[in-house]
Structure formats: C-alpha cells, structure tokens
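Chemist: Okay, handing you the structure first.
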Amino acid sequence: MEENEIERTPSGKKLQGRTLVMTICAAGIGGTFQYGYSISVINAPTMYIQTFINETWLERTGTPLESHLITLLWSIIVSVYPLGGLIGALIAGPLAVQFGRKTSLLLNNLFVILSAVLVLASRACRSFEMIILSRVFAGVNAGLSMNVQPMYLGESAPKKLRGAVSMSSASFTALGIVLGQVIGLREILGSEWCWPLLLASNAIPGLVQLVTLPWLPESPRYLLIDKNNKEACLKALRRLRGSLDLSAEMDEMLEEQAAVKGERSKRPWELFQDRSVRWQLITVVVLSSAMQLCGNDSMYFYASYVFQEAGIPYDKIQYVVIGTGSCELITSITCSLFIERLGRRILILGGYMLMALWAVVFMVALSLQEKISWMPYMSMGCMFAYILSFGIGPAGVTGILPTEIFDQNSRPAAYMISGSLMWSMLFLVGMLFPFIVGGLGVFCYVPFCTVCVLSSVFIAFFLPETKGKSLLEISAEFDKRNSKGMEPRKAQYQLGEVSRSTALCVEPLESEGNQGHAAGLAP
C-alpha cells in the first residue's frame with residue numbers, strides 16, 4: 001500500500017487523533033500550565049518565606065528586619081514574576097522565528113529548571129535573593145510559553161478546530177491554578193519545611209514536556225513558510241491531519257509562501273508603522289490590556305476575607321479557595337467545547353458584560369455586609385460568578401486573536417506586543433490594587449467595572465466574528481477601516497497577506513503526495 005493509502009485507513013484516523021491530543025497536552029503541560037501553577041503556589045508559603053527572610057537577615061546583621069521591610073521584600077518576590085514574564089514575552093517572537101515553535105517551547109524549560117535549582121538551594125545558602133532570582137526565571141518561562149504555545153497550536157490545528165485547540169491554552173492555565181492550590185495545601189507541600197519543594201515543583205511539568213514534545217510534529221506553517229521545507233511540512237500535516245485531502249491546505253500555504261518570498265518576519269515597531277494592520281493591532285492592544293485590567297486576578301485578593309465573613313472556619317478556607325480556581329477550569333473547558341458553535345465574539349462580549357454586572361453586585365454586597373446577615377453569601381456568590389464570567393470568554397478568546405487576525409510574518413510580533421501588555425498590566429494592577437482598596441474601600445471594583453464596560457462597547461462595535469472564517473474574510477472586514485485614507489491593496493497582495501493563519505478553503509492543486517486525513521477531535 002502507498003503511504004497515503006495507509007493514512008486513509010481507520011487506524012490512520014486514530015493515529016491522527018492521538019497525535020493531535022498528545023500535541024495539545026505536551027505543549028500545554030510545559031506551557032501555559034506553568035503560568036497558572038506559578039501564580040498559584042506562591043500564595044501558600046507567604047508567612048514561611050517572610051519568616052525565612054527575617055531569620056536570614058538576623059543571621060547576617062544580628063538585627064531583625066522591621067515589618068514594613070519584610071513586606072517590601074515579599075512584594076519584590078511577588079512583583080518580579082510579571083517582570084520576568086515581560087522579558088519572556090519580548091524574547092518569544094525572535095525565538096519562535098529563529099528556532100521554531102516547538103523548539104522554542106523545549107528551550108523554554110531551561111528557565112524553569114534553573115528557577116527550581118535556585119529556590120531549592122536558597123535555604124541551604126541562606127539567601128532570599130535566590131528566591132527573587134528564581135521567580136524572575138519562572139516568569140520568563142511563563143511569559144515565553146504564553147506567547148509561543150497558542151501560536152504553535154493555532155498553526156497546527158485544522159481550521160474547523162483552531163478555536164477549540166487554541167482555547168486549550170486557557171484550560172491548561174486554569175488547571176495549573178487548581179493544581180497549585182491543591183499542592184499548596186498544608187497536608188501536601190504547603191508546610192514550613194516543604195515550601196522550597198513547593199516552589200521548585202514547577203520543574204516537573206517542564207521535564208514532562210522535555211520527554212514528550214520532541215516526538216511530536218513542528219508547526220506545518222512554520223516548516224513551509226519560514227523554513228521552506230515542503231517535505232517536512234507534508235510529513236507534519238500527515239501526522240496531524242491523518243485522513244482527509246491535504247491538497248487544499250497545502251495549496252493555501254504555498255500561496256502564503258509565494259506571497260512572503262524574500263520577506264522577513266516583522267518587528268513589533270513595524271506593526272505600529274503599518275497602517276494595513278492598524279485595526280488588528282488596536283484590537284490586540286485593547287483586549288490584551290483589558291484581560292489584566294478587568295480585575296479577575298484581584299478577585300482572589302478578597303477570597304479569604306469573603307469566605308471568613310461567610311462563616312467558614314479559618315483552617316478550612318484553604319480548601320474552599322480551591323473552588324475559585326476550579327470555576328475558571330470548568331468554564332475554560334466548557335468554552336472550548338462551544339467556541340466553534342457560538343463563536344469568539346459572543347463569548348468574549350458576554351464575558352465582559354457579565355463581569356461588569358457582577359462587579360456592581362459585588363460592591364453592593366460588600367457595602368451591606370455588616371448590615372444584612374446573608375450578604376456575605378451574596379459576596380461569595382458574586383466572586384464565583386465573576387471568575388466564571390472571566391472564564392467564559394476573556395480568559396481564552398484573547399489569546400486566540402493574534403493567531404486569527406495576523407498573517408504568518410506579523411504573528412510573532414503581534415504576540416510579543418500582546419504578551420508584553422498582559423504582563424505589564426498584571427504588574428501594574430498588582431502594584432496599584434492595595435492603594436485602590438485603601439482609597440475606594442468597598443467600591444474598589446469601580447475601575448475594573450469601567451474597564452469591562454468599555455471593553456464590551458469596543459467588542460460590540462469593532463471586533464468581527466472570526467469563527468469558521470479564513471484570514472482573507474477576516475482581513476476584508478478589518479480592511480474597511482484600515483483602508484480609510486489609503487489606496488486599496490492589490491488583490492494578489494491581499495490574498496497573500498491574508499492567507500497566513502489557519503487553513504483556508506481553496507481549490508485543491510493537482511500535486512503529488514497531497515493526500516491525507518483530518519479528524520474532528522476537540523481537546
């Protein structure tokens with residue numbers, strides 16, 4: 001039997017299904033999972049690390065640190081994580097272009113392993129500075145993976161599943177949050193003697209990825225368009241698609257390759273200068289910023305207080321907090337199942353509108369908590385509803401957009417801009433939120449509610465639906481705004497420009513070796 005005939009057998013379909021699922025899992029476990037896990041595990045050992053800082057300083061100088069200095073050093077340990085993420089986002093684009101999507105994810109594990117070694121050695125070396133450096137490297141790992149993983153999966157997924165496959169990045173983030181909360185329980189690794197092991201446990205997912213991902217295919221689009229390796233591209237497509245005709249997808253990618261012949265990948269500043277992608281860039285800037293400025297992460301700040309006011313014993317709160325992460329996990333998985341039916345626009349619009357509603361109810365509940373006995377339960381319900389609403393759309397759809405609205409040459413730079421904004425805003429919110437609480441009290445969610453309302457308005461008026469559309473169709477909608485005051489682009493250039501994202505429906509070419517399979521398996 002010919003190779004293509006073998007690929008069309010039922011066993012070929014099963015092989016394709018396994019390859020796609022394994023690619024999603026291998027990329028996710030060492031990718032966005034690390035972001036959720038690292039921001040989650042740092043909460044459990046707060047008091048133990050602060051005690052370690054004070055003891056270390058006392059051994060060095062003979063005098064204990066004042067409480068405000070201990071708080072300052074702890075704040076530095078927490079805040080350097082998003083700064084490391086910013087570094088990771090900035091280097092993600094060049095690495096993805098130079099080494100490829102898969103290889104970049106593999107190289108990224110060096111940062112998390114170095115982070116684990118530093119934090120494990122910190123107690124023996126009596127150095128809290130090593131913890132700070134460890135968090136920087138953990139941040140670099142998370143920042144790089146949050147950019148490269150959705151790019152890798154979006155370029156590897158079949159067109160009809162690209163939304164669901166890309167949404168798996170959000171699911172792995174939420175899974176990391178939940179597992180970090182579980183592993184951080186006092187009965188597991190959240191005790192005083194185990195906190196270095198807790199912070200170093202993020203090396204385990206990295207090692208799993210190092211063992212599994214090398215056996216899986218690279219992004220077919222990267223292999224053909226960036227590396228000009230048609231044979232490797234066909235081999236990767238056969239493994240990922242299995243049993244349907246590959247000629248249409250190869251046809252589309254060959255057009256992309258011809259369109260970018262001799263062009264290099266764009267730099268971030270070049271996107272700001274290119275008026276042909278002006279509204280795509282505005283969309284990414286607005287929604288990437290809104291994802292962190294919406295206040296979802298700040299909701300965890302209130303978790304312990306709200307649960308305590310609701311009458312939950314203090315020693316049981318750590319178990320209930322796991323429910324907050326579970327909410328985001330459940331909604332992200334559910335969203336990945338329905339995103340190809342409902343579309344991206346309605347999910348992200350509905351998410352922000354619901355968040356604005358629950359922010360108002362939450363502030364009312366907080367203001368009446370001392371007067372009405374059942375109001376703490378209302379606050380607790382609002383907190384879960386807010387996190388659920390975030391998981392419905394903003395948590396997952398935001399990361400998909402650069403893949404769907406930018407071409408192959410612009411996509412790495414678009415992810416650099418998106419990632420840089422997310423990490424910068426995360427750092428900004430983390431630094432300002434205590435002051436916002438101090439200044440506005442129970443009405444501290446007014447700024448976040450405003451962001452949700454403004455984001456909803458922007459999405460309603462300016463974000464086109466991308467579900468089931470080729471980049472040609474998506475780009476045509478953006479071009480209506482981009483082309484104002486500009487000469488229309490030539491049709492041939494436009495076709496080349498807009499066909500560099502996910503599989504387009506074009507007529508098959510009569511080329512040899514372009515037969516295969518595509519199965520409809522969602523992650």
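Every chain in the structure tokens takes a letter, A first, then B, and so on in the order presented; its residues are numbered from 1, and the ligands are numbered from 1 following the presented order.
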Find the residues near range 96-105 of chain A: any atom within 8 Å, counting only C-alpha atoms, skip ones fewer than 2 places away on the same chain, and give them as number ranges by chain.
Modeler: A: 27, 30-31, 92-94, 107-109, 144-145, 148-149, 151-152, 213-214, 217-219, 222, 226, 265, 412
Chemist: Could you save the residues just selected, with N, CA and C atoms, as a short mmCIF file (atom, residue, chain, number, x, y, z; two decimals), in the first residue's frame?
Modeler:
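Output file result_7.cif follows:
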data_model
loop_
_atom_site.label_atom_id
_atom_site.label_comp_id
_atom_site.auth_asym_id
_atom_site.auth_seq_id
_atom_site.Cartn_x
_atom_site.Cartn_y
_atom_site.Cartn_z
N ALA A 27 2.33 20.35 24.72
CA ALA A 27 2.59 21.79 24.67
C ALA A 27 2.01 22.48 25.90
N GLY A 30 3.83 21.91 29.73
CA GLY A 30 5.03 22.70 29.99
C GLY A 30 4.89 24.12 29.49
N GLY A 31 3.66 24.49 29.08
CA GLY A 31 3.42 25.82 28.54
C GLY A 31 2.61 26.69 29.48
N ALA A 92 10.03 35.93 23.07
CA ALA A 92 9.26 34.84 22.47
C ALA A 92 9.23 34.93 20.95
N GLY A 93 9.00 36.13 20.42
CA GLY A 93 8.91 36.30 18.97
C GLY A 93 10.18 35.91 18.25
N PRO A 94 11.34 36.51 18.61
CA PRO A 94 12.59 36.12 17.95
C PRO A 94 12.91 34.63 18.07
N LEU A 107 13.28 24.73 24.58
CA LEU A 107 14.34 25.56 25.16
C LEU A 107 13.85 26.33 26.38
N ASN A 108 12.58 26.67 26.38
CA ASN A 108 11.99 27.44 27.47
C ASN A 108 12.08 26.73 28.81
N ASN A 109 12.14 25.41 28.78
CA ASN A 109 12.21 24.64 30.02
C ASN A 109 13.52 24.86 30.78
N LEU A 144 7.22 33.40 27.98
CA LEU A 144 7.55 32.83 26.67
C LEU A 144 6.50 31.79 26.25
N SER A 145 6.10 30.94 27.20
CA SER A 145 5.16 29.87 26.85
C SER A 145 3.78 30.42 26.52
N VAL A 148 4.17 31.53 22.80
CA VAL A 148 4.53 30.53 21.78
C VAL A 148 3.50 29.41 21.70
N GLN A 149 2.97 28.98 22.84
CA GLN A 149 2.04 27.84 22.81
C GLN A 149 0.79 28.09 21.97
N MET A 151 0.42 30.16 19.58
CA MET A 151 0.89 30.29 18.21
C MET A 151 1.13 28.91 17.59
N TYR A 152 1.79 28.05 18.34
CA TYR A 152 2.11 26.69 17.88
C TYR A 152 0.84 25.88 17.64
N LEU A 213 7.39 16.23 24.08
CA LEU A 213 7.22 17.11 22.93
C LEU A 213 8.17 16.82 21.77
N PRO A 214 9.42 16.38 22.01
CA PRO A 214 10.31 16.11 20.87
C PRO A 214 9.76 15.08 19.88
N PRO A 217 5.08 16.65 16.02
CA PRO A 217 5.47 17.47 14.87
C PRO A 217 5.57 18.96 15.18
N GLU A 218 6.40 19.64 14.40
CA GLU A 218 6.52 21.09 14.43
C GLU A 218 5.32 21.69 13.69
N SER A 219 5.08 22.97 13.87
CA SER A 219 4.02 23.66 13.14
C SER A 219 4.24 23.53 11.63
N TYR A 222 5.08 26.86 9.91
CA TYR A 222 6.45 27.33 10.16
C TYR A 222 7.42 26.59 9.24
N ASP A 226 8.30 29.56 6.79
CA ASP A 226 9.52 30.14 7.37
C ASP A 226 10.78 29.40 6.97
N SER A 265 10.25 38.20 8.92
CA SER A 265 9.20 38.44 9.91
C SER A 265 9.28 39.88 10.41
N PRO A 412 4.29 36.57 15.12
CA PRO A 412 5.20 36.60 16.27
C PRO A 412 5.30 37.99 16.91
#
Chemist: At a cut-off of 7 Å, using only C-alpha atoms, what residues contact Gly139 in chain A? Leave out same-chain residues fewer than 2 positions from it and give the result as a PyMOL selection string.
Modeler: chain A and resi 81-85+135-137+141-143
Chemist: Export, as a PDB file, in the first residue's frame, the selected residues with N, CA and C atoms.
Modeler:
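So selection35.pdb came out as:
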ATOM      1  N   TYR A  81       7.890  38.441  39.301  1.00  0.00           N
ATOM      2  CA  TYR A  81       7.351  37.394  38.426  1.00  0.00           C
ATOM      3  C   TYR A  81       6.763  37.985  37.138  1.00  0.00           C
ATOM      4  N   PRO A  82       5.879  38.976  37.218  1.00  0.00           N
ATOM      5  CA  PRO A  82       5.411  39.576  35.952  1.00  0.00           C
ATOM      6  C   PRO A  82       6.498  40.307  35.183  1.00  0.00           C
ATOM      7  N   LEU A  83       7.515  40.818  35.870  1.00  0.00           N
ATOM      8  CA  LEU A  83       8.631  41.439  35.144  1.00  0.00           C
ATOM      9  C   LEU A  83       9.401  40.377  34.351  1.00  0.00           C
ATOM     10  N   GLY A  84       9.585  39.211  34.946  1.00  0.00           N
ATOM     11  CA  GLY A  84      10.187  38.097  34.206  1.00  0.00           C
ATOM     12  C   GLY A  84       9.303  37.680  33.044  1.00  0.00           C
ATOM     13  N   GLY A  85       7.967  37.696  33.266  1.00  0.00           N
ATOM     14  CA  GLY A  85       7.035  37.382  32.188  1.00  0.00           C
ATOM     15  C   GLY A  85       7.153  38.349  31.027  1.00  0.00           C
ATOM     16  N   ARG A 135      12.136  33.516  40.945  1.00  0.00           N
ATOM     17  CA  ARG A 135      10.835  33.982  40.448  1.00  0.00           C
ATOM     18  C   ARG A 135      10.978  34.714  39.113  1.00  0.00           C
ATOM     19  N   VAL A 136      12.104  35.386  38.913  1.00  0.00           N
ATOM     20  CA  VAL A 136      12.337  36.041  37.623  1.00  0.00           C
ATOM     21  C   VAL A 136      12.379  34.994  36.515  1.00  0.00           C
ATOM     22  N   PHE A 137      13.139  33.920  36.716  1.00  0.00           N
ATOM     23  CA  PHE A 137      13.257  32.869  35.694  1.00  0.00           C
ATOM     24  C   PHE A 137      11.926  32.147  35.488  1.00  0.00           C
ATOM     25  N   ASN A 141       9.872  31.957  31.892  1.00  0.00           N
ATOM     26  CA  ASN A 141       9.307  30.716  31.364  1.00  0.00           C
ATOM     27  C   ASN A 141       7.832  30.880  31.028  1.00  0.00           C
ATOM     28  N   ALA A 142       7.075  31.486  31.939  1.00  0.00           N
ATOM     29  CA  ALA A 142       5.639  31.665  31.718  1.00  0.00           C
ATOM     30  C   ALA A 142       5.364  32.647  30.586  1.00  0.00           C
ATOM     31  N   GLY A 143       6.124  33.733  30.540  1.00  0.00           N
ATOM     32  CA  GLY A 143       5.912  34.736  29.502  1.00  0.00           C
ATOM     33  C   GLY A 143       6.175  34.195  28.111  1.00  0.00           C
TER      34      GLY A 143
END
Chemist: Excluding Ala157 in chain A and its own-chain neighbours fewer than 4 positions away, which residues fall within 10 Å of it when counting only C-alpha atoms? Please give them as a ChimeraX atom specification.
Modeler: /A:20,23-24,152-153,161-166,219-220,237,240-241,502-503,518,522
Chemist: Looking only at the backbone, which of the residues in range 263-447 of chain A does DSSP tag as helix (DSSP H, G or I), as a VMD selection string?
Modeler: chain A and resid 268 to 273 275 to 293 296 to 309 314 to 342 344 to 367 375 to 392 394 to 405 411 to 443 446 to 447
Chemist: Just the residues within 12 Å of Leu342 in chain A, please, counting only C-alpha atoms, with nothing from its chain fewer than 2 positions along; format it as JSON, numbers by chain.
Modeler: {"A": [163, 164, 334, 335, 336, 337, 338, 339, 340, 344, 345, 346, 347, 348, 349, 350, 392, 393, 465, 466, 467, 468]}
Chemist: Which residue, A:Arg278, A:Arg239, A:Lys261, A:Arg267, has the smallest gap to Lys227 in chain A when you use only C-alpha atoms?
Modeler: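 For Lys227 in chain A, the nearest of the candidates is A:Lys261.
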Chemist: So that I can check the surroundings of Pro205 in chain A, please list as an MDAnalysis selection string every protein, DNA and RNA residue that reaches within 8 Å of it, counting only C-alpha atoms and ignoring chain neighbours fewer than 2 positions away.
Modeler: chainID A and resid 29:30 34 202:203 207:209
Chemist: Kindly export the residues of the current selection with N, CA, C and O atoms, as a PDB file, in the first residue's frame.
Modeler:
ATOM      1  N   ILE A  29       1.239  21.222  29.066  1.00  0.00           N
ATOM      2  CA  ILE A  29       1.742  20.876  30.397  1.00  0.00           C
ATOM      3  C   ILE A  29       3.022  21.636  30.736  1.00  0.00           C
ATOM      4  O   ILE A  29       3.273  21.965  31.893  1.00  0.00           O
ATOM      5  N   GLY A  30       3.830  21.910  29.732  1.00  0.00           N
ATOM      6  CA  GLY A  30       5.034  22.699  29.986  1.00  0.00           C
ATOM      7  C   GLY A  30       4.892  24.123  29.494  1.00  0.00           C
ATOM      8  O   GLY A  30       5.873  24.878  29.475  1.00  0.00           O
ATOM      9  N   GLN A  34       2.284  26.295  33.317  1.00  0.00           N
ATOM     10  CA  GLN A  34       3.292  26.848  34.223  1.00  0.00           C
ATOM     11  C   GLN A  34       2.899  28.228  34.744  1.00  0.00           C
ATOM     12  O   GLN A  34       3.188  28.585  35.886  1.00  0.00           O
ATOM     13  N   ASN A 202       7.536  23.226  40.001  1.00  0.00           N
ATOM     14  CA  ASN A 202       7.201  23.581  38.608  1.00  0.00           C
ATOM     15  C   ASN A 202       8.187  22.988  37.607  1.00  0.00           C
ATOM     16  O   ASN A 202       7.945  23.033  36.394  1.00  0.00           O
ATOM     17  N   ALA A 203       9.294  22.406  38.101  1.00  0.00           N
ATOM     18  CA  ALA A 203      10.238  21.744  37.197  1.00  0.00           C
ATOM     19  C   ALA A 203       9.675  20.433  36.658  1.00  0.00           C
ATOM     20  O   ALA A 203      10.054  19.992  35.563  1.00  0.00           O
ATOM     21  N   LEU A 207       9.935  18.934  32.850  1.00  0.00           N
ATOM     22  CA  LEU A 207      10.592  17.677  32.496  1.00  0.00           C
ATOM     23  C   LEU A 207       9.662  16.782  31.683  1.00  0.00           C
ATOM     24  O   LEU A 207      10.106  16.085  30.755  1.00  0.00           O
ATOM     25  N   VAL A 208       8.373  16.797  32.019  1.00  0.00           N
ATOM     26  CA  VAL A 208       7.402  16.011  31.243  1.00  0.00           C
ATOM     27  C   VAL A 208       7.380  16.490  29.797  1.00  0.00           C
ATOM     28  O   VAL A 208       7.362  15.687  28.858  1.00  0.00           O
ATOM     29  N   GLN A 209       7.405  17.807  29.596  1.00  0.00           N
ATOM     30  CA  GLN A 209       7.405  18.335  28.236  1.00  0.00           C
ATOM     31  C   GLN A 209       8.686  17.972  27.491  1.00  0.00           C
ATOM     32  O   GLN A 209       8.648  17.641  26.300  1.00  0.00           O
TER      33      GLN A 209
END
Chemist: Near Met299 in chain A, counting only C-alpha atoms, which residues have an atom at most 10 Å away, once you skip same-chain residues fewer than 5 positions from it, shown as a PyMOL selection string?
Modeler: chain A and resi 294+324+359+382-384+386-387+445
Chemist: Store the residues picked out above, limited to all heavy atoms, as a PDB file, in the first residue's frame.
Modeler:
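Dumped everything to selection.pdb:
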ATOM      1  N   CYS A 294      -9.207  43.929  33.962  1.00  0.00           N
ATOM      2  CA  CYS A 294     -10.594  43.642  34.326  1.00  0.00           C
ATOM      3  C   CYS A 294     -10.756  43.242  35.786  1.00  0.00           C
ATOM      4  O   CYS A 294     -11.875  43.175  36.298  1.00  0.00           O
ATOM      5  CB  CYS A 294     -11.166  42.549  33.420  1.00  0.00           C
ATOM      6  SG  CYS A 294     -10.421  40.927  33.671  1.00  0.00           S
ATOM      7  N   THR A 324     -12.366  28.471  43.680  1.00  0.00           N
ATOM      8  CA  THR A 324     -12.231  29.612  42.774  1.00  0.00           C
ATOM      9  C   THR A 324     -11.470  29.220  41.509  1.00  0.00           C
ATOM     10  O   THR A 324     -11.852  29.579  40.398  1.00  0.00           O
ATOM     11  CB  THR A 324     -11.517  30.774  43.480  1.00  0.00           C
ATOM     12  OG1 THR A 324     -10.218  30.339  43.943  1.00  0.00           O
ATOM     13  CG2 THR A 324     -12.323  31.260  44.673  1.00  0.00           C
ATOM     14  N   ALA A 359     -19.566  42.821  39.075  1.00  0.00           N
ATOM     15  CA  ALA A 359     -18.748  43.790  39.815  1.00  0.00           C
ATOM     16  C   ALA A 359     -19.636  44.758  40.593  1.00  0.00           C
ATOM     17  O   ALA A 359     -19.358  45.091  41.758  1.00  0.00           O
ATOM     18  CB  ALA A 359     -17.835  44.555  38.856  1.00  0.00           C
ATOM     19  N   CYS A 382     -21.006  36.238  44.190  1.00  0.00           N
ATOM     20  CA  CYS A 382     -20.531  37.181  43.164  1.00  0.00           C
ATOM     21  C   CYS A 382     -19.089  36.893  42.766  1.00  0.00           C
ATOM     22  O   CYS A 382     -18.725  37.018  41.594  1.00  0.00           O
ATOM     23  CB  CYS A 382     -20.638  38.615  43.693  1.00  0.00           C
ATOM     24  SG  CYS A 382     -22.326  39.219  43.797  1.00  0.00           S
ATOM     25  N   MET A 383     -18.296  36.505  43.753  1.00  0.00           N
ATOM     26  CA  MET A 383     -16.890  36.215  43.470  1.00  0.00           C
ATOM     27  C   MET A 383     -16.765  35.021  42.521  1.00  0.00           C
ATOM     28  O   MET A 383     -16.029  35.070  41.525  1.00  0.00           O
ATOM     29  CB  MET A 383     -16.153  35.927  44.774  1.00  0.00           C
ATOM     30  CG  MET A 383     -14.654  35.747  44.616  1.00  0.00           C
ATOM     31  SD  MET A 383     -13.866  35.577  46.214  1.00  0.00           S
ATOM     32  CE  MET A 383     -14.634  34.090  46.796  1.00  0.00           C
ATOM     33  N   PHE A 384     -17.518  33.969  42.789  1.00  0.00           N
ATOM     34  CA  PHE A 384     -17.500  32.805  41.899  1.00  0.00           C
ATOM     35  C   PHE A 384     -18.063  33.166  40.528  1.00  0.00           C
ATOM     36  O   PHE A 384     -17.537  32.737  39.489  1.00  0.00           O
ATOM     37  CB  PHE A 384     -18.300  31.660  42.516  1.00  0.00           C
ATOM     38  CG  PHE A 384     -17.558  30.905  43.573  1.00  0.00           C
ATOM     39  CD1 PHE A 384     -17.923  30.999  44.912  1.00  0.00           C
ATOM     40  CD2 PHE A 384     -16.486  30.087  43.246  1.00  0.00           C
ATOM     41  CE1 PHE A 384     -17.233  30.304  45.895  1.00  0.00           C
ATOM     42  CE2 PHE A 384     -15.790  29.374  44.222  1.00  0.00           C
ATOM     43  CZ  PHE A 384     -16.166  29.492  45.552  1.00  0.00           C
ATOM     44  N   TYR A 386     -18.044  36.068  39.048  1.00  0.00           N
ATOM     45  CA  TYR A 386     -17.090  36.930  38.339  1.00  0.00           C
ATOM     46  C   TYR A 386     -16.005  36.086  37.660  1.00  0.00           C
ATOM     47  O   TYR A 386     -15.667  36.296  36.487  1.00  0.00           O
ATOM     48  CB  TYR A 386     -16.460  37.904  39.325  1.00  0.00           C
ATOM     49  CG  TYR A 386     -15.810  39.113  38.696  1.00  0.00           C
ATOM     50  CD1 TYR A 386     -16.538  40.264  38.442  1.00  0.00           C
ATOM     51  CD2 TYR A 386     -14.458  39.121  38.373  1.00  0.00           C
ATOM     52  CE1 TYR A 386     -15.951  41.388  37.875  1.00  0.00           C
ATOM     53  CE2 TYR A 386     -13.858  40.230  37.802  1.00  0.00           C
ATOM     54  CZ  TYR A 386     -14.611  41.364  37.558  1.00  0.00           C
ATOM     55  OH  TYR A 386     -14.022  42.466  36.987  1.00  0.00           O
ATOM     56  N   ILE A 387     -15.478  35.123  38.412  1.00  0.00           N
ATOM     57  CA  ILE A 387     -14.434  34.253  37.868  1.00  0.00           C
ATOM     58  C   ILE A 387     -14.992  33.373  36.759  1.00  0.00           C
ATOM     59  O   ILE A 387     -14.334  33.142  35.728  1.00  0.00           O
ATOM     60  CB  ILE A 387     -13.814  33.400  38.991  1.00  0.00           C
ATOM     61  CG1 ILE A 387     -13.097  34.307  40.010  1.00  0.00           C
ATOM     62  CG2 ILE A 387     -12.840  32.373  38.430  1.00  0.00           C
ATOM     63  CD1 ILE A 387     -12.650  33.603  41.267  1.00  0.00           C
ATOM     64  N   TYR A 445     -13.900  48.102  43.043  1.00  0.00           N
ATOM     65  CA  TYR A 445     -14.087  47.488  41.732  1.00  0.00           C
ATOM     66  C   TYR A 445     -14.685  48.438  40.697  1.00  0.00           C
ATOM     67  O   TYR A 445     -14.966  48.023  39.565  1.00  0.00           O
ATOM     68  CB  TYR A 445     -14.925  46.212  41.855  1.00  0.00           C
ATOM     69  CG  TYR A 445     -14.056  44.980  41.832  1.00  0.00           C
ATOM     70  CD1 TYR A 445     -13.211  44.687  42.898  1.00  0.00           C
ATOM     71  CD2 TYR A 445     -14.016  44.145  40.739  1.00  0.00           C
ATOM     72  CE1 TYR A 445     -12.386  43.587  42.869  1.00  0.00           C
ATOM     73  CE2 TYR A 445     -13.194  43.035  40.696  1.00  0.00           C
ATOM     74  CZ  TYR A 445     -12.379  42.764  41.770  1.00  0.00           C
ATOM     75  OH  TYR A 445     -11.542  41.676  41.726  1.00  0.00           O
TER      76      TYR A 445
END
Chemist: Separation of CA of Ser475 in chain A and CA of Leu223 in chain A, in Å?
Modeler: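 One can read the CA of Ser475 in chain A to CA of Leu223 in chain A distance as 23.6 Å.
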Chemist: Can you pull out the residues contacting Asp479 in chain A? Cut-off 10 Å, using only C-alpha atoms, and skip same-chain residues under 3 positions away; I want them as a list in words.
Modeler: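 Result of the neighbour search: Arg275, Ser276, Val277, Arg278, Trp279, Gln280, Glu473, Ile474, Ser475, Ala476, Asn482, Ser483, Lys484, Pro488, Arg489 and Gln494 of chain A.
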Chemist: Looking at A:Leu428, A:Leu246, A:Met353, A:Val140, which one is nearest to Ser455 in chain A, with distances taken over only C-alpha atoms?
Modeler: A:Met353
Chemist: Of the residues A:Cys452, A:Ala116, A:Leu401, A:Val437, which is the one nearest to Ile282 in chain A, using only C-alpha atoms?
Modeler: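 Closest residue, counting only C-alpha atoms: A:Leu401.
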Chemist: What is the distance between CA of Ile49 in chain A and CA of Thr63 in chain A, in Å to one decimal?
Modeler: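 Result for CA of Ile49 in chain A versus CA of Thr63 in chain A: 17.7 Å, one decimal.
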Chemist: When you count only C-alpha atoms, which of these residues is closest to Phe390 in chain A: A:Ile225, A:Ala236, A:Leu198, A:Ala174?
Modeler: A:Ala174
Chemist: Which distance in Å separates CA of Asn409 in chain A and CA of Gln273 in chain A, to one decimal?
Modeler: 14.7 Å
